[in-house]
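Each remark here refers to the structure printed beneath this line.
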Amino acid sequence: MRGKILNTILALSILTIGTVATASAQLPGTRTSAQIPFDFIVGEQKLPAGLYELRRIGNDPYVLCIQNVDDSRNVMIFNTSLLDDGDSIRQSALVFHRYGDIYFLAEIWSPYEGIARELHPSEQERSMERDLASNDKAPQSESVALIAN
């Protein structure tokens with residue numbers, strides 16, 4: 001009985017340490033912003049060109065909010081998934097997929113947190129990607145630097 005209690009305490013201690021270490025590695029460094037020179041789409045919502053602030057929502061490092069600094073009505077909360085958690089992330093950037101003159105936010109790179117995230121493509125983006133693929137083409141990528149505030 002005593003051994004079971006000690007094993008349970010040990011397991012909980014290891015779990016707690018692992019959780020704290022993971023959370024510490026993903027704490028937001030600073031708020032970031034970007035001047036996005038073109039209209040773009042996040043999920044199903046089109047946002048106009050402008051200065052945007054990007055921030056986490058709560059403690060979940062994969063739920064993010066992008067908001068126009070000059071017009072708070074232009075805001076989108078969205079989910080992401082892990083793209084890269086290595087040392088390969090050297091710059092802060094937003095990466096967009098471009099199909100002609102239509103831009104979709106696709107990735108967020110954050111060396112402050114040591115991770116890169118990707119957005120799940122919307123149905124509209126998947127459709128455009130299929131159309132390009134049928135012509136043996138791929139979307140173009142455009143990067144916009146994130147600035148620490």
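Lettering and numbering for the structure tokens are positional, with chains as A, B, ... in the shown order, residues counted from 1 in each chain, and ligands counted from 1 in the shown order.
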>> Going by DSSP on the backbone, which residues of segment 22-133 of chain A come out as strand (DSSP E)? List them as a PyMOL selection string.
In response: chain A and resi 32-36+40-42+45-47+50-57+60-68+75-84+93-99+102-110+115-119
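Shell of Ala93 of chain A at 8 Å, with only C-alpha atoms counted and residues fewer than 4 places along the chain excluded, is Ile108, Trp109, Ser110, Ser143, Val144, Ala145 and Leu146 of chain A.
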Atoms to include: all heavy atoms. Write the selected residues as a tab-separated table (two decimals), in the first residue's frame.
chain	number	residue	atom	x	y	z
A	108	ILE	N	2.83	30.67	-38.51
A	108	ILE	CA	3.37	31.68	-37.60
A	108	ILE	C	4.65	31.12	-37.02
A	108	ILE	O	4.64	30.06	-36.41
A	108	ILE	CB	2.37	32.03	-36.48
A	108	ILE	CG1	1.11	32.65	-37.07
A	108	ILE	CG2	3.00	33.00	-35.49
A	108	ILE	CD1	-0.11	31.87	-36.82
A	109	TRP	N	5.74	31.84	-37.22
A	109	TRP	CA	7.04	31.42	-36.69
A	109	TRP	C	7.40	32.30	-35.51
A	109	TRP	O	7.37	33.52	-35.61
A	109	TRP	CB	8.13	31.55	-37.73
A	109	TRP	CG	7.93	30.75	-38.97
A	109	TRP	CD1	7.02	29.75	-39.19
A	109	TRP	CD2	8.65	30.88	-40.19
A	109	TRP	NE1	7.14	29.25	-40.46
A	109	TRP	CE2	8.14	29.93	-41.10
A	109	TRP	CE3	9.68	31.72	-40.60
A	109	TRP	CZ2	8.63	29.80	-42.38
A	109	TRP	CZ3	10.17	31.57	-41.89
A	109	TRP	CH2	9.66	30.62	-42.76
A	110	SER	N	7.75	31.68	-34.38
A	110	SER	CA	8.06	32.45	-33.18
A	110	SER	C	9.30	31.90	-32.47
A	110	SER	O	9.20	30.94	-31.71
A	110	SER	CB	6.86	32.40	-32.22
A	110	SER	OG	7.18	33.05	-31.02
A	143	SER	N	6.30	36.02	-46.86
A	143	SER	CA	6.56	36.19	-45.43
A	143	SER	C	6.47	37.65	-45.05
A	143	SER	O	6.89	38.53	-45.82
A	143	SER	CB	7.95	35.67	-45.06
A	143	SER	OG	8.02	34.29	-45.26
A	144	VAL	N	5.93	37.90	-43.87
A	144	VAL	CA	5.87	39.24	-43.31
A	144	VAL	C	6.48	39.16	-41.93
A	144	VAL	O	6.08	38.33	-41.11
A	144	VAL	CB	4.41	39.75	-43.21
A	144	VAL	CG1	4.35	41.09	-42.49
A	144	VAL	CG2	3.77	39.84	-44.59
A	145	ALA	N	7.48	40.00	-41.66
A	145	ALA	CA	8.19	39.96	-40.38
A	145	ALA	C	7.27	40.39	-39.24
A	145	ALA	O	6.49	41.33	-39.38
A	145	ALA	CB	9.42	40.86	-40.42
A	146	LEU	N	7.38	39.67	-38.13
A	146	LEU	CA	6.71	40.06	-36.89
A	146	LEU	C	7.66	40.93	-36.10
A	146	LEU	O	8.87	40.65	-36.02
A	146	LEU	CB	6.34	38.83	-36.07
A	146	LEU	CG	5.11	38.08	-36.52
A	146	LEU	CD1	5.02	36.73	-35.81
A	146	LEU	CD2	3.86	38.88	-36.26
>> Show me, as a list in words, the residues that have an atom within 12 Å of Val63 of chain A when counting only C-alpha atoms, minus same-chain residues fewer than 6 positions from it.
In response: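 The residues that qualify are Leu54, Arg55, Arg56, Ile57, Met76, Ile77, Phe78, Asn79, Thr80, Ser81, Leu82, Ile108, Arg117, Glu118 and Leu119 of chain A.
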> In Å to one decimal, how far is atom CA of Ala116 of chain A from atom CA of Ile89 of chain A?
Replying inline: 7.2 Å
>> What's around Glu123 of chain A at 12 Å? Count only C-alpha atoms, leave out sequence neighbours fewer than 2 positions away in its own chain, and write the answer as a PyMOL selection string.
In response: chain A and resi 41-45+104+120-121+125-130
Could you save the residues just selected, with C-alpha atoms, as a tab-separated table (two decimals), in the first residue's frame?
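Output (out_35.tsv):
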chain	number	residue	atom	x	y	z
A	41	ILE	CA	-7.88	35.46	-45.21
A	42	VAL	CA	-7.78	33.69	-41.84
A	43	GLY	CA	-10.13	30.73	-41.76
A	44	GLU	CA	-13.21	31.99	-43.56
A	45	GLN	CA	-12.75	35.68	-42.70
A	104	PHE	CA	-4.19	32.99	-46.76
A	120	HIS	CA	-5.58	24.45	-40.92
A	121	PRO	CA	-6.42	25.38	-44.52
A	125	GLU	CA	-7.85	27.46	-49.76
A	126	ARG	CA	-8.02	23.68	-50.30
A	127	SER	CA	-10.15	24.26	-53.40
A	128	MET	CA	-7.65	26.79	-54.78
A	129	GLU	CA	-4.79	24.42	-54.02
A	130	ARG	CA	-6.55	21.60	-55.91
> Between A:Val69, A:Ala34, A:Val75, A:Leu83, which is the closest to Ile115 of chain A once you count only C-alpha atoms?
Replying inline: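 Of all the options, A:Leu83 lies closest to Ile115 of chain A.
Closest approach to Pro37 of chain A among A:His97, A:Arg73, A:Ala106, A:Glu142 is made by A:Glu142 (distances from only C-alpha atoms).
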